[in-house]
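Shown next: work.cif, given as mmCIF, C-alpha atoms and all ligand atoms.
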data_upload
loop_
_atom_site.label_atom_id
_atom_site.label_comp_id
_atom_site.auth_asym_id
_atom_site.auth_seq_id
_atom_site.Cartn_x
_atom_site.Cartn_y
_atom_site.Cartn_z
CA MET A 248 27.97 -15.24 -13.42
CA GLN A 249 29.45 -17.72 -15.89
CA THR A 250 27.25 -20.70 -16.70
CA ASN A 251 28.01 -24.00 -18.41
CA PHE A 252 24.79 -25.32 -19.87
CA THR A 253 25.18 -27.45 -23.01
CA PRO A 254 23.56 -26.38 -26.30
CA GLU A 255 21.10 -29.28 -25.86
CA GLN A 256 20.11 -27.99 -22.43
CA LEU A 257 19.71 -24.46 -23.77
CA ALA A 258 17.29 -25.73 -26.41
CA ASP A 259 14.80 -26.13 -23.54
CA PRO A 260 13.08 -22.72 -23.25
CA GLU A 261 12.76 -23.07 -19.45
CA ILE A 262 16.52 -23.70 -19.07
CA LYS A 263 17.22 -20.82 -21.46
CA VAL A 264 15.32 -18.47 -19.14
CA ALA A 265 17.13 -19.84 -16.08
CA ASN A 266 20.48 -19.43 -17.85
CA ASP A 267 19.75 -15.79 -18.68
CA ILE A 268 18.79 -15.10 -15.07
CA LEU A 269 21.88 -16.85 -13.68
CA ARG A 270 24.17 -14.95 -16.03
CA SER A 271 22.74 -11.61 -14.85
CA CYS A 272 23.92 -12.25 -11.26
CA VAL A 273 27.33 -10.72 -10.57
CA HIS A 274 27.46 -12.36 -7.09
CA CYS A 275 28.02 -9.01 -5.39
CA GLY A 276 26.09 -10.21 -2.31
CA MET A 277 24.16 -6.96 -1.78
CA CYS A 278 20.93 -8.98 -1.57
CA THR A 279 22.10 -10.93 1.47
CA ALA A 280 21.64 -7.99 3.86
CA THR A 281 17.93 -7.66 3.07
CA CYS A 282 17.07 -11.37 2.93
CA PRO A 283 15.00 -12.35 5.97
CA THR A 284 16.31 -15.91 6.11
CA PHE A 285 19.96 -14.80 5.92
CA VAL A 286 19.31 -12.12 8.55
CA THR A 287 17.68 -14.76 10.78
CA LEU A 288 19.92 -17.80 10.17
CA GLY A 289 23.23 -16.24 9.06
CA ASP A 290 23.97 -19.06 6.60
CA GLU A 291 25.12 -18.08 3.09
CA LEU A 292 23.07 -20.97 1.69
CA ASP A 293 19.99 -19.28 3.16
CA SER A 294 20.73 -16.09 1.23
CA PRO A 295 19.64 -15.29 -2.33
CA ARG A 296 23.21 -15.58 -3.60
CA GLY A 297 23.67 -18.96 -1.91
CA ARG A 298 20.40 -20.25 -3.32
CA ILE A 299 21.34 -19.02 -6.79
CA TYR A 300 24.55 -21.09 -6.61
CA LEU A 301 22.61 -24.16 -5.45
CA ILE A 302 20.08 -23.79 -8.28
CA LYS A 303 22.85 -23.26 -10.85
CA ASP A 304 24.63 -26.44 -9.77
CA MET A 305 21.42 -28.49 -9.73
CA LEU A 306 20.25 -27.33 -13.17
CA GLU A 307 23.63 -27.35 -14.93
CA ASN A 308 24.26 -30.91 -13.85
CA ASN A 309 20.71 -31.84 -14.79
CA ARG A 310 20.38 -33.97 -11.71
CA PRO A 311 17.56 -34.66 -9.28
CA ALA A 312 17.31 -32.24 -6.37
CA GLN A 313 19.25 -33.30 -3.25
CA ASP A 314 18.46 -32.77 0.44
CA GLU A 315 20.69 -29.67 0.63
CA GLU A 316 18.97 -27.81 -2.19
CA VAL A 317 15.52 -28.74 -0.91
CA LEU A 318 16.36 -27.58 2.62
CA HIS A 319 17.56 -24.13 1.58
CA ILE A 320 15.07 -23.51 -1.23
CA ASP A 321 12.18 -24.59 1.01
CA ARG A 322 13.39 -22.02 3.53
CA CYS A 323 13.07 -19.22 0.95
CA LEU A 324 9.94 -17.17 1.64
CA SER A 325 9.61 -15.97 -1.98
CA CYS A 326 9.29 -12.54 -0.36
CA LEU A 327 11.34 -11.05 -3.24
CA SER A 328 13.11 -8.55 -1.00
CA CYS A 329 16.27 -9.61 -2.85
CA MET A 330 14.79 -8.40 -6.14
CA THR A 331 14.13 -4.96 -4.70
CA THR A 332 17.74 -4.77 -3.49
CA CYS A 333 19.59 -6.32 -6.43
CA PRO A 334 21.39 -3.64 -8.49
CA SER A 335 21.71 -6.01 -11.47
CA GLY A 336 17.99 -6.71 -11.82
CA VAL A 337 18.31 -10.47 -11.25
CA ASP A 338 14.91 -12.09 -11.78
CA TYR A 339 15.13 -14.30 -8.70
CA MET A 340 11.37 -14.95 -8.68
CA HIS A 341 11.33 -16.88 -11.92
CA LEU A 342 14.56 -18.68 -11.04
CA VAL A 343 13.25 -19.97 -7.71
CA ASP A 344 9.90 -20.82 -9.32
CA HIS A 345 11.82 -22.97 -11.83
CA ALA A 346 13.82 -24.60 -9.03
CA ARG A 347 10.61 -25.46 -7.15
CA VAL A 348 9.15 -27.15 -10.22
CA HIS A 349 12.41 -29.11 -10.64
CA ILE A 350 12.32 -30.16 -6.97
CA ASN A 351 8.68 -31.21 -7.25
CA GLN A 352 9.48 -33.33 -10.30
CA THR A 353 12.71 -34.96 -9.10
CA TYR A 354 12.74 -35.17 -5.29
CA LYS A 355 10.84 -37.63 -3.09
CA ARG A 356 9.91 -35.92 0.14
CA PRO A 357 9.29 -37.82 3.40
CA LEU A 358 5.78 -39.30 3.64
CA THR A 359 4.44 -36.83 6.25
CA ASP A 360 5.74 -33.93 4.16
CA ARG A 361 4.04 -35.28 1.04
CA LEU A 362 0.76 -35.87 2.87
CA LEU A 363 0.74 -32.38 4.35
CA ARG A 364 1.56 -30.72 1.04
CA ASP A 365 -1.13 -32.74 -0.73
CA ALA A 366 -3.66 -31.79 1.93
CA LEU A 367 -2.80 -28.08 1.67
CA ALA A 368 -2.99 -28.18 -2.13
CA LYS A 369 -6.34 -29.98 -2.06
CA ILE A 370 -7.98 -27.90 0.69
CA LEU A 371 -6.77 -24.30 0.76
CA PRO A 372 -7.76 -23.30 -2.81
CA TYR A 373 -11.40 -24.31 -2.21
CA PRO A 374 -13.42 -22.09 0.17
CA THR A 375 -15.92 -24.81 1.19
CA ARG A 376 -13.19 -27.37 1.93
CA MET A 377 -11.21 -24.66 3.72
CA ARG A 378 -14.21 -23.83 5.90
CA THR A 379 -14.70 -27.46 6.83
CA ALA A 380 -10.98 -27.77 7.64
CA LEU A 381 -11.14 -24.65 9.84
CA ALA A 382 -14.17 -26.03 11.70
CA LEU A 383 -12.30 -29.31 12.29
CA ALA A 384 -9.19 -27.39 13.36
CA ASN A 385 -11.25 -25.55 15.95
CA LEU A 386 -12.57 -28.86 17.29
CA GLY A 387 -8.96 -30.09 17.43
CA LYS A 388 -7.57 -27.07 19.28
CA PRO A 389 -8.25 -28.46 22.80
CA PHE A 390 -6.11 -31.47 21.87
CA ALA A 391 -3.18 -29.37 20.62
CA ARG A 392 -1.21 -30.17 23.76
CA LEU A 393 -1.14 -33.82 22.64
CA LEU A 394 1.01 -32.59 19.75
CA ALA A 395 3.71 -31.45 22.13
CA GLY A 396 6.62 -33.12 20.34
CA ASP A 397 9.52 -31.21 18.83
CA SER A 398 9.28 -32.95 15.47
CA GLN A 399 8.73 -30.75 12.43
CA PHE A 400 5.48 -32.63 11.74
CA PHE A 401 3.97 -31.78 15.14
CA LYS A 402 5.19 -28.20 14.88
CA ARG A 403 3.46 -27.87 11.51
CA LEU A 404 0.22 -29.31 12.88
CA ARG A 405 0.35 -26.90 15.81
CA ALA A 406 1.00 -24.00 13.42
CA MET A 407 -2.07 -25.01 11.38
CA LEU A 408 -4.29 -25.20 14.46
CA ALA A 409 -3.04 -21.80 15.63
CA LEU A 410 -4.10 -20.17 12.36
CA ALA A 411 -7.76 -21.24 12.67
CA PRO A 412 -9.92 -18.32 13.89
CA ALA A 413 -11.66 -18.94 17.25
CA LYS A 414 -15.04 -18.21 15.65
CA LEU A 415 -15.78 -19.01 12.03
CA PRO A 416 -17.49 -16.17 10.15
CA ALA A 417 -20.70 -16.86 8.22
CA ALA A 418 -20.12 -18.61 4.91
CA GLN A 419 -19.80 -16.39 1.84
CA ASN A 420 -20.63 -17.46 -1.69
CA LEU A 421 -20.07 -14.70 -4.21
CA ALA A 422 -19.65 -16.94 -7.25
CA GLY A 423 -21.80 -15.77 -10.14
CA THR A 424 -22.89 -12.51 -8.49
CA THR A 425 -23.08 -9.00 -9.97
CA HIS A 426 -23.08 -5.90 -7.78
CA LYS A 427 -24.57 -2.80 -9.33
CA PRO A 428 -23.13 0.66 -8.69
CA GLN A 429 -24.92 2.72 -6.04
CA THR A 430 -24.47 5.88 -8.13
CA THR A 431 -23.76 6.83 -11.76
CA GLN A 432 -21.67 4.04 -13.26
CA LYS A 433 -18.01 4.91 -13.81
CA GLY A 434 -16.51 1.48 -14.42
CA ARG A 435 -16.93 -2.27 -14.41
CA VAL A 436 -14.49 -4.73 -12.85
CA ALA A 437 -14.17 -8.38 -11.92
CA LEU A 438 -13.16 -9.13 -8.34
CA LEU A 439 -10.96 -12.11 -7.52
CA ALA A 440 -13.02 -13.43 -4.60
CA GLY A 441 -10.13 -15.55 -3.37
CA CYS A 442 -10.16 -18.93 -1.71
CA ALA A 443 -8.82 -19.13 1.85
CA GLN A 444 -9.72 -15.47 2.41
CA GLN A 445 -13.40 -16.14 1.72
CA ALA A 446 -13.45 -18.69 4.52
CA ILE A 447 -11.35 -16.77 7.06
CA ALA A 448 -12.40 -13.14 6.51
CA PRO A 449 -15.35 -12.68 4.13
CA SER A 450 -15.68 -9.12 5.45
CA ILE A 451 -12.77 -8.13 3.17
CA ASN A 452 -14.71 -8.93 0.00
CA THR A 453 -17.87 -7.38 1.46
CA ALA A 454 -16.01 -4.13 2.17
CA THR A 455 -14.39 -4.16 -1.29
CA ILE A 456 -17.74 -4.56 -3.06
CA ASP A 457 -19.40 -2.01 -0.77
CA LEU A 458 -16.72 0.61 -1.45
CA LEU A 459 -16.41 0.04 -5.20
CA THR A 460 -20.17 0.14 -5.81
CA ARG A 461 -20.45 3.29 -3.67
CA LEU A 462 -17.83 4.86 -5.95
CA GLY A 463 -19.85 3.95 -9.06
CA ILE A 464 -18.10 0.73 -10.07
CA GLU A 465 -20.01 -2.39 -11.08
CA VAL A 466 -18.41 -5.52 -9.61
CA VAL A 467 -18.82 -8.97 -11.13
CA ILE A 468 -17.59 -12.30 -9.82
CA PRO A 469 -17.87 -14.87 -12.63
CA ALA A 470 -19.15 -18.23 -11.38
CA SER A 471 -16.28 -20.16 -12.92
CA ALA A 472 -13.41 -18.04 -11.52
CA GLY A 473 -11.49 -19.78 -8.75
CA CYS A 474 -8.23 -19.78 -6.84
CA CYS A 475 -5.45 -17.83 -8.59
CA GLY A 476 -3.08 -20.81 -8.32
CA ALA A 477 -0.51 -19.12 -6.07
CA LEU A 478 -0.60 -21.81 -3.39
CA VAL A 479 0.20 -24.68 -5.74
CA HIS A 480 2.55 -22.52 -7.81
CA HIS A 481 4.75 -21.90 -4.76
CA MET A 482 4.85 -25.65 -4.11
CA GLY A 483 6.24 -26.26 -7.62
CA ARG A 484 2.99 -27.94 -8.71
CA HIS A 485 3.28 -26.41 -12.15
CA ASP A 486 0.44 -28.19 -13.97
CA GLU A 487 -2.07 -27.36 -11.23
CA ALA A 488 -0.96 -23.71 -11.26
CA LEU A 489 -1.33 -23.52 -15.05
CA ALA A 490 -4.79 -25.13 -14.86
CA ALA A 491 -5.91 -22.52 -12.29
CA ALA A 492 -4.55 -19.71 -14.48
CA ARG A 493 -6.25 -21.00 -17.65
CA ASN A 494 -9.55 -21.38 -15.80
CA ASN A 495 -9.45 -17.78 -14.56
CA ILE A 496 -8.31 -16.33 -17.87
CA THR A 497 -11.40 -17.89 -19.49
CA ALA A 498 -13.64 -16.70 -16.64
CA TRP A 499 -12.42 -13.10 -17.01
CA SER A 500 -12.42 -12.96 -20.82
CA ASP A 501 -15.30 -10.43 -20.94
CA PRO A 502 -13.76 -7.48 -22.87
CA THR A 503 -16.01 -4.94 -21.09
CA LEU A 504 -14.11 -5.45 -17.83
CA ASP A 505 -11.87 -2.47 -17.05
CA ALA A 506 -9.77 -4.37 -14.52
CA ILE A 507 -9.40 -7.55 -12.50
CA ILE A 508 -9.33 -6.36 -8.91
CA VAL A 509 -7.35 -8.21 -6.26
CA ASN A 510 -7.56 -7.54 -2.52
CA THR A 511 -5.08 -10.28 -1.51
CA SER A 512 -1.70 -9.08 -2.66
CA GLY A 513 -0.12 -12.54 -2.71
CA CYS A 514 -2.65 -13.50 -5.39
CA GLY A 515 -2.11 -10.22 -7.26
CA THR A 516 1.57 -10.98 -7.81
CA VAL A 517 0.66 -14.29 -9.46
CA LEU A 518 -2.12 -12.78 -11.61
CA LYS A 519 0.35 -10.21 -12.90
CA ASP A 520 2.64 -13.12 -13.79
CA TYR A 521 0.04 -15.14 -15.78
CA GLY A 522 1.51 -13.68 -18.99
CA PHE A 523 4.93 -15.12 -18.14
CA LEU A 524 3.58 -18.41 -16.77
CA LEU A 525 1.65 -19.08 -19.97
CA ARG A 526 4.11 -17.50 -22.39
CA ASN A 527 4.51 -20.77 -24.32
CA ASP A 528 0.83 -21.75 -24.10
CA PRO A 529 -1.87 -21.39 -26.76
CA MET A 530 -3.54 -18.96 -24.32
CA SER A 531 -0.45 -16.72 -24.09
CA ASP A 532 -2.15 -13.63 -25.59
CA GLN A 533 -5.17 -13.85 -23.32
CA ALA A 534 -2.88 -14.48 -20.34
CA ALA A 535 -0.86 -11.34 -21.11
CA LYS A 536 -4.09 -9.31 -21.36
CA ILE A 537 -5.34 -10.56 -17.98
CA SER A 538 -1.98 -9.75 -16.39
CA ALA A 539 -2.13 -6.24 -17.83
CA LYS A 540 -5.66 -5.76 -16.46
CA SER A 541 -4.87 -7.08 -12.97
CA MET A 542 -4.69 -4.42 -10.29
CA ASP A 543 -4.37 -4.36 -6.56
CA ILE A 544 -7.44 -2.69 -5.07
CA THR A 545 -5.28 0.19 -3.78
CA GLU A 546 -3.87 0.87 -7.28
CA TYR A 547 -7.39 1.02 -8.65
CA LEU A 548 -8.70 3.26 -5.86
CA LEU A 549 -5.91 5.80 -6.08
CA LYS A 550 -7.74 8.02 -8.59
CA ILE A 551 -11.31 7.52 -7.41
CA TYR A 552 -11.29 7.14 -3.61
CA GLN A 553 -13.06 9.84 -1.62
CA PRO A 554 -13.63 9.63 2.13
CA ASN A 555 -16.81 11.33 3.26
CA GLN A 556 -16.60 11.46 7.02
CA PRO A 557 -14.07 12.65 9.60
CA ALA A 558 -11.69 9.91 10.69
CA PRO A 559 -11.37 9.03 14.36
CA ASN A 560 -7.99 9.90 15.84
CA LEU A 561 -6.34 6.56 15.15
CA THR A 562 -2.72 5.61 14.46
CA ILE A 563 -2.38 2.85 11.88
CA ALA A 564 0.81 0.79 11.66
CA TYR A 565 1.31 -0.40 8.11
CA PRO A 566 3.51 -3.48 7.59
CA ALA A 567 3.87 -3.60 3.81
CA ALA A 568 3.07 -7.08 2.50
CA CYS A 569 6.08 -8.40 0.56
CA SER A 570 3.88 -9.34 -2.38
CA LEU A 571 2.82 -5.67 -2.61
CA GLN A 572 6.11 -3.89 -1.93
CA HIS A 573 8.53 -6.33 -3.59
CA GLY A 574 6.31 -8.46 -5.83
CA GLN A 575 4.23 -5.65 -7.35
CA LYS A 576 6.35 -2.62 -6.38
CA ILE A 577 3.30 -0.95 -4.85
CA THR A 578 4.62 1.04 -1.92
CA ALA A 579 2.86 4.41 -1.77
CA ALA A 580 -0.77 3.69 -2.76
CA PRO A 581 -2.00 2.01 0.46
CA LYS A 582 -0.39 4.65 2.70
CA THR A 583 -1.60 7.51 0.49
CA LEU A 584 -5.17 6.21 0.67
CA LEU A 585 -5.11 5.61 4.43
CA ALA A 586 -3.70 9.13 4.96
CA LYS A 587 -6.37 10.56 2.64
CA ALA A 588 -8.96 8.78 4.79
CA GLY A 589 -7.64 10.74 7.77
CA PHE A 590 -5.57 8.14 9.63
CA LYS A 591 -2.08 8.75 11.02
CA ILE A 592 0.30 6.22 9.40
CA VAL A 593 3.40 4.77 11.03
CA GLU A 594 5.74 2.12 9.67
CA PRO A 595 7.85 -0.48 11.46
CA LYS A 596 11.66 -0.50 11.42
CA ASP A 597 13.05 -2.68 8.60
CA PRO A 598 9.82 -2.51 6.59
CA HIS A 599 11.43 -4.57 3.80
CA LEU A 600 11.64 -7.70 6.00
CA CYS A 601 8.89 -10.30 5.65
CA CYS A 602 6.64 -11.06 8.64
CA GLY A 603 6.99 -14.80 7.98
CA SER A 604 3.50 -15.48 6.68
CA ALA A 605 4.29 -16.09 2.97
CA GLY A 606 1.41 -18.32 1.87
CA THR A 607 1.84 -21.70 3.56
CA TYR A 608 5.35 -20.83 4.82
CA ASN A 609 4.14 -20.28 8.38
CA ILE A 610 2.86 -23.87 8.37
CA MET A 611 5.78 -25.50 6.56
CA GLN A 612 8.59 -23.53 8.29
CA PRO A 613 7.07 -22.77 11.70
CA ASP A 614 10.30 -21.88 13.53
CA ILE A 615 11.60 -19.29 11.05
CA ALA A 616 8.07 -17.93 10.58
CA ALA A 617 7.63 -17.52 14.36
CA THR A 618 10.95 -15.64 14.66
CA LEU A 619 10.05 -13.29 11.81
CA ARG A 620 6.56 -12.77 13.22
CA GLN A 621 7.88 -11.76 16.63
CA ARG A 622 10.43 -9.41 15.04
CA LYS A 623 7.71 -7.75 12.95
CA LEU A 624 5.28 -7.48 15.89
CA ASP A 625 8.01 -5.93 18.08
CA THR A 626 8.84 -3.32 15.44
CA LEU A 627 5.15 -2.58 14.86
CA GLN A 628 4.25 -2.28 18.51
CA ALA A 629 7.26 -0.04 19.15
CA LYS A 630 5.24 2.57 17.20
CA HIS A 631 2.27 2.25 19.61
CA PRO A 632 -0.41 1.87 16.94
CA ASP A 633 -4.15 1.56 17.57
CA ILE A 634 -4.52 -0.76 14.58
CA ILE A 635 -2.25 -2.79 12.30
CA ALA A 636 -3.43 -2.61 8.67
CA ALA A 637 -2.22 -4.66 5.71
CA GLY A 638 -3.39 -5.63 2.24
CA ASN A 639 -2.93 -9.37 2.47
CA ILE A 640 -4.98 -11.88 4.47
CA GLY A 641 -1.88 -14.01 5.12
CA CYS A 642 -0.07 -11.18 6.93
CA LEU A 643 -3.22 -10.22 8.87
CA THR A 644 -3.81 -13.77 10.12
CA HIS A 645 -0.13 -14.36 10.91
CA LEU A 646 0.24 -11.07 12.81
CA ALA A 647 -3.01 -11.47 14.79
CA ASN A 648 -2.22 -10.77 18.45
CA PRO A 649 -4.10 -10.01 21.66
CA SER A 650 -3.16 -6.31 21.97
CA THR A 651 -3.56 -4.65 18.54
CA PRO A 652 -6.35 -5.42 16.04
CA THR A 653 -5.20 -6.43 12.54
CA ILE A 654 -7.53 -5.07 9.85
CA HIS A 655 -7.43 -5.13 6.04
CA THR A 656 -6.70 -1.71 4.50
CA ILE A 657 -9.87 -1.86 2.42
CA GLU A 658 -12.11 -2.25 5.48
CA LEU A 659 -10.67 0.97 6.95
CA LEU A 660 -11.08 2.84 3.64
CA ASN A 661 -14.65 1.60 3.29
CA TRP A 662 -15.43 2.69 6.84
CA MET A 663 -14.29 6.26 6.13
CA SER A 664 -16.30 6.27 2.92
CA GLY A 665 -19.55 5.57 4.75
CA GLY A 666 -19.32 1.82 5.30
CA PRO A 667 -19.64 0.10 8.67
CA ARG A 668 -16.92 0.16 11.33
CA PRO A 669 -14.81 -2.98 10.75
CA ALA A 670 -15.82 -5.67 13.23
CA GLY A 671 -12.21 -5.94 14.41
CA VAL A 672 -12.06 -2.29 15.48
CA PRO A 673 -13.29 -2.03 19.08
CA ALA A 674 -16.04 0.60 19.50
CA ASP A 675 -14.11 2.41 22.24
CA LEU A 676 -11.13 2.87 19.88
CA SER A 677 -13.19 4.57 17.23
CA LYS A 678 -14.66 7.36 19.37
S1 LIG A 701 22.42 -8.55 -5.37
FE1 LIG A 701 21.80 -9.39 -7.36
S2 LIG A 701 23.72 -9.56 -8.54
FE2 LIG A 701 24.30 -9.33 -6.37
S3 LIG A 701 24.47 -11.47 -5.58
FE3 LIG A 701 22.38 -10.80 -5.15
S4 LIG A 701 21.20 -11.50 -6.91
FE4 LIG A 701 23.37 -11.57 -7.55
S1 LIG A 702 12.84 -14.31 -1.84
FE1 LIG A 702 13.15 -13.50 0.25
S2 LIG A 702 13.78 -15.28 1.50
FE2 LIG A 702 14.00 -15.87 -0.67
S3 LIG A 702 16.13 -15.41 -1.16
FE3 LIG A 702 14.95 -13.57 -1.75
S4 LIG A 702 15.00 -12.24 0.07
FE4 LIG A 702 15.65 -14.30 0.73
#
Translate this file's structure into C-alpha cells.
Ligand code: SF4
Ligand code: SF4
Amino acid sequence: MQTNFTPEQLADPEIKVANDILRSCVHCGMCTATCPTFVTLGDELDSPRGRIYLIKDMLENNRPAQDEEVLHIDRCLSCLSCMTTCPSGVDYMHLVDHARVHINQTYKRPLTDRLLRDALAKILPYPTRMRTALALANLGKPFARLLAGDSQFFKRLRAMLALAPAKLPAAQNLAGTTHKPQTTQKGRVALLAGCAQQAIAPSINTATIDLLTRLGIEVVIPASAGCCGALVHHMGRHDEALAAARNNITAWSDPTLDAIIVNTSGCGTVLKDYGFLLRNDPMSDQAAKISAKSMDITEYLLKIYQPNQPAPNLTIAYPAACSLQHGQKITAAPKTLLAKAGFKIVEPKDPHLCCGSAGTYNIMQPDIAATLRQRKLDTLQAKHPDIIAAGNIGCLTHLANPSTPTIHTIELLNWMSGGPRPAGVPADLSK
C-alpha cells in the first residue's frame, strides 16, 4: 500500500513503524473472511483492511481521531485472526495498538464512556479492588432489571453484572511467596499471578503451582510483580501500560529464573511484546530478556508433563483462545497435553473465530460479544462435550453456561497428575 507521510512525520519512530506496517499491506482482502467483526457485521470498515485504511488516513493527516475511526477501531477485538490469515505478514497488532494510543490522546469520549473506562482501568488490574467490585456487583444483581434500557451504557452495566460469579471464591494472596518442589528440583520459574483471575478463579494459580512443584519446579511470585498491563494497553493508555511493564521487568530480574510462566494467555501475548513496547526505553534490553523468557504454561509443560492416573472417559471441547492461537501461535501444545492426560479432544467449527471475550470487550461491546459468544457456544455444544477447556480466564468466564462446565486446561492436567478434581467438574461426570 502506498503511503504519503512527510519526512518530518517519518522522523517519529512510532510513525516510522506504522508506515512500514501500512506499506506491507497489499489490500488483497484475504483477512476479511476470518475477521469476526466482518463476519458478524458485514461492513468493510469492520474488517482488518477497512480499519487499516481508516488508521492510514488518520495518521497521514496527523489529525485527531474522529467518531468513525473510534467506532470501528473500538469494535476490533484485537483477536489477531487477521494476522494468522494475512499472506503478506502485516503486523496489524502493532498498528492497531498505535491507533488506540492516538485515539486515547486525541479523542474526547462521552462522559459515561470515560467514567467506565477509568473505572475498569483503576479496578481490574488490582485483585483486592476487583474482589470488592465483584462483591458489590453481586449485591447489585437483583437490581439489574432496573437497568432495562437499550442504551449502550445500561447494556455495559448489565454485561458487567453478568460476569460476576454467583459465589466469590476465598481471597488469594500469593505475592511474595515461594513454592518448593515436591521432588528433586528440575527448574525454577516465576509465575505471573494475574489480577482479575486471582479474584475470579484463584483455583487456576493453585493448580498451576501444585502441578509445577509436583514436577520438580520451584515457583516464585515476587511481591512487587503486578498486572501485566494488557488491560490498559488495549485501551490505548500507553504510559500506564509501560509503567506496568517496567514494574514487572524489575520484579522478574532474578537471573536464576528459567522462565516467566503465564496461565492467562491474554497476558502472555503482552509479556512477549514487552521487548517491542519498551524498544526505545532505557530498559529495552531487560524487556527483551523478559519477553524471551515468557512462556505459556502449556509451552513449558510440553517436555515435562506426566499424568499418573487413568483419565475418566470425558470429552473435552477446546475453544482455542485467540491470544494463544493467533497472538502467540500456540496451537498444538494444549491439545497435546490434554490428549496425553487421557481426555478425548474435540474442537468447534470455525476455531479461528473469537468467542467475544477479548479482555474488556464483552463489557464495552456487549452486542457483538453476545453474538460471538452464542456462535461459539453453539459450535462447541454441537460436539456434545462433557467439559469446555481453555487457557484464558476471559474465555472461561465469557463462555460460562448452565449445561457444560468451563474449566482451565491446567486444572484438568493437574487433576490427572494427582491433584484434586477441579471444583467445576461434577463428581458424577468424573466416574
Ligand atoms: S490479508 Fe494482509 S495484505 Fe491482505 S488486506 Fe488483509 S492485512 Fe492487507
Ligand atoms: S484483530 Fe480480530 S477483530 Fe480486529 S481486525 Fe483483526 S481479525 Fe478483525
Practice task
With a distance cut-off of 10 Å and all atoms listed in the file, select the neighbouring residues of A:Ala586, excluding the residue or stretch itself and same-chain residues fewer than 6 positions from it, and output the selection as a list in words.
Solution key: Ala558, Ile563, Ala580, Ile592 and Leu660 of chain A
Problem - Separation of atom CA of A:Met248 from atom CA of A:Leu269, in Å and rounded to one decimal - result: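 About the pair atom CA of A:Met248 and atom CA of A:Leu269: they are 6.3 Å apart.
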Problem - All residues 10 Å or closer to stretch 342-348 of chain A, all atoms listed in the file, same chain fewer than 2 positions away omitted, as a ChimeraX atom specification - result: /A:261-262,264-269,295,298-299,301-303,305-306,312,316-317,320-321,323,325,337-340,350-353,480-486
Handout entry: Nearby residues, ligand LIG 701 (chain A), 8 Å, all atoms listed in the file, as a list in words
Key =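 Answer in the requested format: Ser271, Cys272, Val273, His274, Cys275, Gly276, Met277, Cys278, Thr279, Pro295, Arg296, Ile299, Cys329, Met330, Thr332, Cys333, Pro334, Ser335, Gly336, Val337, Asp338 and Tyr339 of chain A.
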Just want the 10 Å neighbourhood of A:Asp625, counted on all atoms listed in the file, with same-chain residues fewer than 5 positions away dropped. Output as a CSV table (one decimal) with C-alpha atoms, in the frame of the given file.
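Everything below was put into part01.csv:
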chain,number,residue,atom,x,y,z
A,595,PRO,CA,7.8,-0.5,11.5
A,596,LYS,CA,11.7,-0.5,11.4
A,619,LEU,CA,10.0,-13.3,11.8
A,620,ARG,CA,6.6,-12.8,13.2
A,630,LYS,CA,5.2,2.6,17.2
Practice task
Starting from the point (-18.5, -13.2, -8.5), work out which residues of protein, DNA or RNA have an atom no more than 12 Å away when counting only C-alpha atoms; state them as an NGL selection string.
Solution key: :A and (419-426 or 436-441 or 445 or 452-453 or 456 or 465-473 or 495 or 498-499 or 507-508)
Practice task
Find the distance between atom CA of A:Leu381 and atom CA of A:Asn609 and write it in Å to one decimal.
Solution key: 16.0 Å
Problem - Residues near A:Ile544, cut-off 8 Å, all atoms listed in the file, skip fewer than 4 positions along chain, as number ranges by chain - result: A: 508-510, 548, 657
Practice task
Would you mind reading off the distance between atom CA of A:Phe523 and atom CA of A:Ala535, one decimal, in Å?
Solution key: 7.5 Å
Handout entry: Exercise: residues within 12 Å of coordinate (-21.4, 0.6, -8.5), counting only C-alpha atoms, as a list of chain:residue names
Key =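 Within the cut-off we find A:Thr425, A:His426, A:Lys427, A:Pro428, A:Gln429, A:Thr430, A:Thr431, A:Gln432, A:Lys433, A:Gly434, A:Arg435, A:Val436, A:Thr455, A:Ile456, A:Asp457, A:Leu458, A:Leu459, A:Thr460, A:Arg461, A:Leu462, A:Gly463, A:Ile464, A:Glu465, A:Val466, A:Val467.
The shortest atom-to-atom distance to ligand LIG 702 (chain A), with only C-alpha atoms and all ligand atoms taken into account, belongs to A:Leu324 out of A:Ala605, A:Leu410, A:Leu288, A:Leu324.
For the choices A:His573, A:Arg376, A:His349, A:Lys414, the atom-to-atom distance to ligand LIG 702 (chain A) is smallest for A:His573 when using only C-alpha atoms and all ligand atoms.
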Exercise for the section: Extract, using all atoms listed in the file, all DNA, RNA and protein residues at most 9 Å from A:Ala406, discarding same-chain residues fewer than 2 positions from it, and format them as a ChimeraX atom specification. Expected result: /A:401-404,408-410,609-611,613
Enclosing box along x, y and z for every listed atom of ligand LIG 702 (chain A), padded 4 Å each side, centre and size in Å, one decimal, as AutoDock Vina command-line options:
--center_x 14.5 --center_y -14.1 --center_z -0.2 --size_x 11.3 --size_y 11.6 --size_z 11.3
Handout entry: Using all atoms listed in the file: which of A:Tyr565, A:Phe285, A:Phe252, A:Trp662 has the shortest distance to ligand LIG 702 (chain A)
Key = A:Phe285
